[in-house]
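Colleague: Can you keep this structure in mind? I'll have questions shortly.
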2 protein chains.
Amino acid sequence: MTTTLDTPLSSIDDATADLLFREARTVKRFTDEEVTDAEIAAAYDLMRWGPTAMNISPLRYLVVRTPEARRRLTAHLGEGNHAGVLAAPVTLVVAADTAFHRHMDRLAPHMAGIAEHLDGQPDVREHMARMNAALQSGYLLTALRATGLQVGPMGIQDAAGLEADLFDDDAWRALHIVNVGRAPAAEGATYPRAARLEAAEVSRTL
Amino acid sequence: MTTTLDTPLSSIDDATADLLFREARTVKRFTDEEVTDAEIAAAYDLMRWGPTAMNISPLRYLVVRTPEARRRLTAHLGEGNHAGVLAAPVTLVVAADTAFHRHMDRLAPHMAGIAEHLDGQPDVREHMARMNAALQSGYLLTALRATGLQVGPMGIQDAAGLEADLFDDDAWRALHIVNVGRAPAAEGATYPRAARLEAAEVSRTL
């Protein structure tokens, strides 16, 4: 079934709400089962439709799979994160492309001249790229879960060093990494569920 | 059904993939049907489980509903966005709480001393709050759609002015606004679907 504007949109079922949000957990230890390029592409194919400012869609990602590649990656991470990255089936380095404006003729063809306008504003582009790629990271983590995978996001200790060492495009900025795989049934594969704030604590009404 | 680690996770069905990602569209004009506080709280209750760095969960939101409140809001927006905000059933101002560390004893009880450590680092907190609230915005927009609502995110022209005028907590930073409601069946309620980049264009393998 394809949902269209002629079909009233309904909310998702309980099992899906659990899968994507309520029971989904950050995973620190995965099974050995492979995560294929096709699975990652399937998650991207979902997440790419999420909205961004002016449709700039600046999220990029580096797929780190081989033992040699993940050893190179760990050189830029805090020591506490090395073992997790070395053991994960695949790790994505999520990045923001500060040269996103190169694609604006395709992404926003109705905004004539926007690429030229942004070309002279590197600071504006840097801010837009980082904030919108972070927004898209929310779509990406949700989409990986929707694809049946589980995620373990981690921070990067030395982003500049990682960019210089691992990225072949000097317009990419490294935001965070995401270990991706499947959690084993055994205890201890996820962190204990941490608390969240209540709606009344995070919202106000004007 | 509750998905647990003993139950293999499966991917979502096609209708849900359409609802959340593939067919979901940015909406510029909504029906008059009310969006209740309970619906917004239901979306928050989903999105709050999404991961953030150290579980800091800095996203906050201001609910703007009355005609007077939305007139006050439009004073801080570009003119092209006034009509949409005045006509939407409800508008959320999405914010990042730079004083998120006040809650770390509940959000990350295993990280002893982290609140005190962060208290002396306002620049670090500002960066963390903005990036992680942007990440959570991805969860929020997806969760609003999961709740059966549709969204029209917009930028803020004068964020500092909005913060001074509308926020009662001077640690909140305004990121963007989201009109929320239901799209009419009529043509023209959404923008034409804009293109997205292909996986091969946004990814590299190390």
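In the structure tokens, chains take letters A, B, ... by order of appearance, with residues numbered from 1 within each chain and ligands from 1 in the order shown.
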Would you list which chain B residues are within 6 Å of chain A using only C-alpha atoms, as a compact mmCIF listing (two decimals) with N, CA, C and O atoms, in the first residue's frame?

Modeller:
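So part_3.txt came out as:
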```txt
# COMPACT_ATOMS: atom_id res chain seq x y z
N MET B 1 2.62 -6.48 20.64
CA MET B 1 3.89 -7.19 20.72
C MET B 1 4.99 -6.23 21.15
O MET B 1 5.10 -5.12 20.65
N THR B 2 5.81 -6.67 22.04
CA THR B 2 6.97 -5.89 22.43
C THR B 2 8.21 -6.58 21.86
O THR B 2 8.42 -7.76 22.05
N LEU B 5 15.22 -8.38 22.87
CA LEU B 5 16.44 -8.91 22.27
C LEU B 5 16.30 -10.40 21.96
O LEU B 5 17.11 -10.96 21.25
N ASP B 6 15.29 -11.07 22.53
CA ASP B 6 15.06 -12.48 22.23
C ASP B 6 14.25 -12.65 20.94
O ASP B 6 14.14 -13.76 20.43
N LEU B 9 14.75 -8.73 15.31
CA LEU B 9 14.12 -7.50 14.83
C LEU B 9 13.87 -7.61 13.33
O LEU B 9 14.74 -8.03 12.59
N SER B 10 12.71 -7.22 12.92
CA SER B 10 12.42 -7.24 11.50
C SER B 10 12.23 -5.81 11.03
O SER B 10 12.04 -4.90 11.81
N SER B 11 12.29 -5.63 9.73
CA SER B 11 12.15 -4.28 9.21
C SER B 11 10.67 -3.90 9.15
O SER B 11 9.79 -4.75 9.25
N ILE B 12 10.42 -2.64 9.00
CA ILE B 12 9.04 -2.14 8.99
C ILE B 12 8.35 -2.47 7.67
O ILE B 12 9.01 -2.77 6.67
N ALA B 15 3.88 0.21 4.14
CA ALA B 15 3.00 1.34 4.44
C ALA B 15 3.64 2.26 5.47
O ALA B 15 3.55 3.49 5.39
N PHE B 21 8.76 8.01 5.80
CA PHE B 21 9.87 8.47 4.97
C PHE B 21 9.48 8.73 3.50
O PHE B 21 9.54 9.85 3.04
N ARG B 22 9.10 7.65 2.80
CA ARG B 22 9.09 7.73 1.35
C ARG B 22 8.00 8.62 0.79
O ARG B 22 8.21 9.33 -0.19
N LEU B 46 7.47 9.08 22.03
CA LEU B 46 8.25 8.21 21.14
C LEU B 46 9.68 8.73 20.97
O LEU B 46 10.66 8.01 21.14
N TRP B 49 13.13 8.53 23.31
CA TRP B 49 13.97 7.35 23.50
C TRP B 49 15.14 7.28 22.53
O TRP B 49 16.02 6.42 22.66
N ARG B 60 14.14 20.85 23.53
CA ARG B 60 13.00 21.44 24.23
C ARG B 60 12.04 21.99 23.18
O ARG B 60 12.45 22.21 22.03
N TYR B 61 10.80 22.25 23.55
CA TYR B 61 9.89 22.86 22.58
C TYR B 61 8.85 23.74 23.23
O TYR B 61 8.40 23.48 24.33
N LEU B 62 8.54 24.81 22.50
CA LEU B 62 7.50 25.75 22.90
C LEU B 62 6.29 25.51 22.00
O LEU B 62 6.42 25.52 20.77
N VAL B 63 5.12 25.31 22.60
CA VAL B 63 3.89 25.08 21.84
C VAL B 63 3.21 26.42 21.61
O VAL B 63 2.89 27.14 22.57
N VAL B 64 3.00 26.78 20.34
CA VAL B 64 2.39 28.06 19.98
C VAL B 64 1.04 27.77 19.32
O VAL B 64 0.99 27.17 18.24
N LEU B 107 19.85 11.64 34.01
CA LEU B 107 20.01 11.13 32.65
C LEU B 107 21.23 10.22 32.51
O LEU B 107 21.24 9.32 31.67
N ALA B 134 19.53 19.06 17.37
CA ALA B 134 19.28 18.89 15.93
C ALA B 134 19.07 17.41 15.61
O ALA B 134 18.16 17.04 14.86
N LEU B 135 19.93 16.55 16.19
CA LEU B 135 19.75 15.10 16.04
C LEU B 135 18.36 14.68 16.51
O LEU B 135 17.64 13.95 15.82
N SER B 137 15.78 16.50 16.67
CA SER B 137 14.75 17.03 15.77
C SER B 137 14.41 16.02 14.69
O SER B 137 13.26 15.94 14.24
N GLY B 138 15.41 15.25 14.27
CA GLY B 138 15.15 14.18 13.31
C GLY B 138 14.21 13.14 13.89
O GLY B 138 13.30 12.66 13.22
N TYR B 139 14.44 12.80 15.17
CA TYR B 139 13.52 11.87 15.83
C TYR B 139 12.13 12.50 15.96
O TYR B 139 11.11 11.83 15.76
N ALA B 146 4.79 9.53 12.80
CA ALA B 146 4.37 8.24 13.34
C ALA B 146 3.07 8.38 14.14
O ALA B 146 2.32 7.41 14.28
N THR B 147 2.82 9.57 14.65
CA THR B 147 1.62 9.84 15.43
C THR B 147 0.44 10.18 14.52
O THR B 147 -0.67 10.44 14.99
N GLY B 148 0.68 10.20 13.21
CA GLY B 148 -0.40 10.47 12.27
C GLY B 148 -0.51 11.93 11.87
O GLY B 148 -1.48 12.32 11.24
N ALA B 185 -6.76 16.99 1.31
CA ALA B 185 -6.62 16.14 0.13
C ALA B 185 -6.34 16.97 -1.12
O ALA B 185 -5.83 16.46 -2.11
N ALA B 195 14.23 16.45 -5.50
CA ALA B 195 15.14 15.32 -5.69
C ALA B 195 15.99 15.07 -4.45
O ALA B 195 16.14 15.94 -3.58
N VAL B 202 26.77 10.04 -1.89
CA VAL B 202 26.97 10.57 -0.53
C VAL B 202 27.86 9.66 0.31
O VAL B 202 28.12 9.98 1.47
N SER B 203 28.30 8.55 -0.24
CA SER B 203 29.06 7.61 0.59
C SER B 203 30.38 7.22 -0.09
O SER B 203 30.52 7.29 -1.30
N ARG B 204 31.31 6.85 0.77
CA ARG B 204 32.59 6.30 0.33
C ARG B 204 32.84 5.06 1.18
O ARG B 204 32.30 4.93 2.26
N THR B 205 33.70 4.17 0.69
CA THR B 205 34.12 3.02 1.50
C THR B 205 35.63 3.13 1.72
O THR B 205 36.38 3.39 0.78
N LEU B 206 36.01 2.94 2.97
CA LEU B 206 37.44 3.07 3.30
C LEU B 206 38.12 1.75 3.01
O LEU B 206 37.67 0.70 3.45
```

Colleague: When DSSP works through the backbone of this structure, what residues of chain A end up as helix (DSSP H, G or I), shown as JSON, numbers by chain?

Modeller: {"A": [14, 15, 16, 17, 18, 19, 20, 21, 22, 37, 38, 39, 40, 41, 42, 43, 44, 45, 46, 47, 53, 54, 55, 67, 68, 69, 70, 71, 72, 73, 74, 79, 80, 81, 82, 83, 84, 85, 86, 87, 100, 101, 102, 103, 104, 105, 106, 107, 114, 115, 116, 117, 118, 119, 122, 123, 124, 125, 126, 127, 128, 129, 130, 131, 132, 133, 134, 135, 136, 137, 138, 139, 140, 141, 142, 143, 144, 145, 146, 159, 160, 161, 162, 163, 164, 165, 166, 199, 200, 201, 202]}

Colleague: Would you save the residues from that selection as a short mmCIF file (atom, residue, chain, number, x, y, z; two decimals), in the first residue's frame, using C-alpha atoms?

Modeller:
```cif
data_model
loop_
_atom_site.label_atom_id
_atom_site.label_comp_id
_atom_site.auth_asym_id
_atom_site.auth_seq_id
_atom_site.Cartn_x
_atom_site.Cartn_y
_atom_site.Cartn_z
CA ASP A 14 2.92 -0.85 18.65
CA ALA A 15 5.53 -3.29 17.37
CA THR A 16 6.94 -0.65 15.02
CA ALA A 17 6.93 2.00 17.76
CA ASP A 18 8.90 -0.44 19.91
CA LEU A 19 11.30 -1.31 17.06
CA LEU A 20 12.10 2.30 16.14
CA PHE A 21 11.82 4.09 19.48
CA ARG A 22 10.56 2.55 22.69
CA ASP A 37 26.22 -2.74 1.61
CA ALA A 38 22.68 -3.39 0.36
CA GLU A 39 21.31 -3.06 3.91
CA ILE A 40 23.11 0.23 4.46
CA ALA A 41 21.90 1.49 1.09
CA ALA A 42 18.34 0.46 2.04
CA ALA A 43 18.55 2.55 5.21
CA TYR A 44 19.92 5.50 3.23
CA ASP A 45 17.11 5.07 0.71
CA LEU A 46 14.61 5.64 3.55
CA MET A 47 16.37 8.42 5.43
CA ALA A 53 16.55 23.34 5.22
CA MET A 54 16.18 24.19 1.53
CA ASN A 55 16.56 20.44 0.90
CA PRO A 67 40.15 -4.82 9.90
CA GLU A 68 42.78 -2.48 8.51
CA ALA A 69 40.25 0.31 7.95
CA ARG A 70 38.84 0.04 11.45
CA ARG A 71 42.33 0.07 12.97
CA ARG A 72 42.95 3.33 11.09
CA LEU A 73 39.65 4.70 12.42
CA THR A 74 40.39 3.89 16.07
CA GLU A 79 40.45 4.57 23.95
CA GLY A 80 37.19 3.43 25.55
CA ASN A 81 35.65 3.14 22.08
CA HIS A 82 38.40 1.10 20.35
CA ALA A 83 37.20 -2.39 21.26
CA GLY A 84 33.62 -1.67 20.17
CA VAL A 85 34.71 -0.37 16.78
CA LEU A 86 37.17 -3.23 16.18
CA ALA A 87 34.43 -5.79 16.91
CA PHE A 100 26.54 20.75 -0.36
CA HIS A 101 25.77 23.78 -2.51
CA ARG A 102 27.36 22.04 -5.50
CA HIS A 103 24.18 19.97 -5.74
CA MET A 104 21.61 22.74 -5.27
CA ASP A 105 20.69 22.90 -8.95
CA ARG A 106 19.29 19.39 -8.54
CA LEU A 107 18.12 19.61 -4.91
CA ILE A 114 21.34 29.87 -4.56
CA ALA A 115 24.52 27.89 -5.33
CA GLU A 116 26.35 31.06 -6.37
CA HIS A 117 25.02 32.91 -3.32
CA LEU A 118 26.21 30.20 -0.93
CA ASP A 119 29.55 29.84 -2.67
CA PRO A 122 31.64 29.37 3.78
CA ASP A 123 30.71 30.09 7.43
CA VAL A 124 27.00 29.96 6.66
CA ARG A 125 27.51 26.71 4.75
CA GLU A 126 29.53 25.17 7.58
CA HIS A 127 26.78 25.93 10.11
CA MET A 128 23.99 24.77 7.80
CA ALA A 129 25.86 21.59 6.88
CA ARG A 130 26.55 20.60 10.49
CA MET A 131 23.04 21.34 11.82
CA ASN A 132 21.22 19.69 8.93
CA ALA A 133 23.51 16.66 8.86
CA ALA A 134 22.86 16.27 12.60
CA LEU A 135 19.12 16.44 11.84
CA GLN A 136 19.60 13.82 9.13
CA SER A 137 21.55 11.66 11.59
CA GLY A 138 18.27 11.33 13.49
CA TYR A 139 16.65 10.05 10.30
CA LEU A 140 19.61 7.74 9.61
CA LEU A 141 19.63 6.06 13.04
CA THR A 142 15.86 5.57 12.83
CA ALA A 143 16.13 4.21 9.28
CA LEU A 144 18.88 1.75 10.22
CA ARG A 145 16.55 0.40 12.90
CA ALA A 146 13.71 0.32 10.38
CA ALA A 159 37.57 14.97 14.25
CA ALA A 160 40.15 17.08 12.42
CA GLY A 161 42.67 14.24 12.49
CA LEU A 162 40.06 11.80 11.21
CA GLU A 163 39.08 14.14 8.39
CA ALA A 164 42.69 14.60 7.28
CA ASP A 165 43.44 10.87 7.49
CA LEU A 166 40.28 9.19 6.20
CA ALA A 199 7.08 16.08 28.28
CA ALA A 200 6.15 18.57 31.02
CA GLU A 201 9.84 19.10 31.78
CA VAL A 202 10.93 19.88 28.23
#
```

Colleague: Stretch 35-79 of chain A: which residues are strand (DSSP E or B) by DSSP, as a list in words?

Modeller: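 Here are the strand (DSSP E or B) residues of stretch 35-79 of chain A: Leu59, Arg60, Tyr61, Leu62, Val63 and Val64 of chain A.
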
Colleague: What's the 8 Å shell around A:Ala88, counting only C-alpha atoms, without same-chain residues fewer than 5 positions away, as a compact mmCIF listing (two decimals) with all heavy atoms, in the first residue's frame?

Modeller:
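As written to disk, result_30.txt reads:
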```txt
# COMPACT_ATOMS: atom_id res chain seq x y z
N ARG A 29 27.70 -4.42 21.72
CA ARG A 29 28.32 -5.67 21.29
C ARG A 29 27.38 -6.34 20.30
O ARG A 29 26.19 -6.47 20.58
CB ARG A 29 28.56 -6.56 22.51
CG ARG A 29 29.53 -7.67 22.33
CD ARG A 29 30.20 -8.06 23.66
NE ARG A 29 29.22 -8.32 24.72
CZ ARG A 29 28.52 -9.44 24.85
NH1 ARG A 29 28.69 -10.41 23.99
NH2 ARG A 29 27.66 -9.59 25.85
N PHE A 30 27.91 -6.74 19.15
CA PHE A 30 27.08 -7.26 18.07
C PHE A 30 27.41 -8.72 17.79
O PHE A 30 28.49 -9.21 18.15
CB PHE A 30 27.33 -6.45 16.79
CG PHE A 30 26.97 -5.00 16.91
CD1 PHE A 30 27.92 -4.07 17.29
CD2 PHE A 30 25.68 -4.56 16.65
CE1 PHE A 30 27.60 -2.72 17.41
CE2 PHE A 30 25.34 -3.22 16.76
CZ PHE A 30 26.31 -2.30 17.14
N ASP A 32 28.35 -11.70 14.94
CA ASP A 32 29.29 -11.66 13.82
C ASP A 32 28.60 -11.53 12.47
O ASP A 32 29.27 -11.42 11.44
CB ASP A 32 30.13 -12.96 13.80
CG ASP A 32 31.12 -13.00 14.96
OD1 ASP A 32 31.42 -11.92 15.51
OD2 ASP A 32 31.55 -14.11 15.32
N ASN A 179 28.42 2.37 15.05
CA ASN A 179 28.58 0.94 14.85
C ASN A 179 27.22 0.35 14.49
O ASN A 179 26.21 0.72 15.08
CB ASN A 179 29.11 0.28 16.12
CG ASN A 179 30.51 0.76 16.46
OD1 ASN A 179 31.33 0.96 15.58
ND2 ASN A 179 30.78 0.95 17.75
N VAL A 180 27.22 -0.57 13.52
CA VAL A 180 25.95 -1.12 13.02
C VAL A 180 26.03 -2.64 12.98
O VAL A 180 27.04 -3.20 12.55
CB VAL A 180 25.65 -0.59 11.59
CG1 VAL A 180 24.30 -1.11 11.10
CG2 VAL A 180 25.66 0.94 11.57
N GLY A 181 24.99 -3.29 13.44
CA GLY A 181 24.94 -4.75 13.40
C GLY A 181 23.68 -5.26 14.05
O GLY A 181 22.65 -4.57 14.02
```

Colleague: Go ahead and compute the interatomic distance for atom CA of B:Pro192 and atom CA of A:Ala112, in Å to one decimal.

Modeller: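 One can read the atom CA of B:Pro192 to atom CA of A:Ala112 distance as 16.1 Å.
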
Colleague: Just to confirm, what's the straight-line distance from atom CA of B:Tyr191 to atom CA of B:Leu77 in Å (one decimal)?

Modeller: 19.6 Å

Colleague: Rank nothing, just name the residue among A:Ala171, A:Val35, A:Val178, A:Val27 nearest to A:Pro89, using only C-alpha atoms.

Modeller: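 Going through A:Ala171, A:Val35, A:Val178, A:Val27 one by one, the smallest distance to A:Pro89 is for A:Val35.
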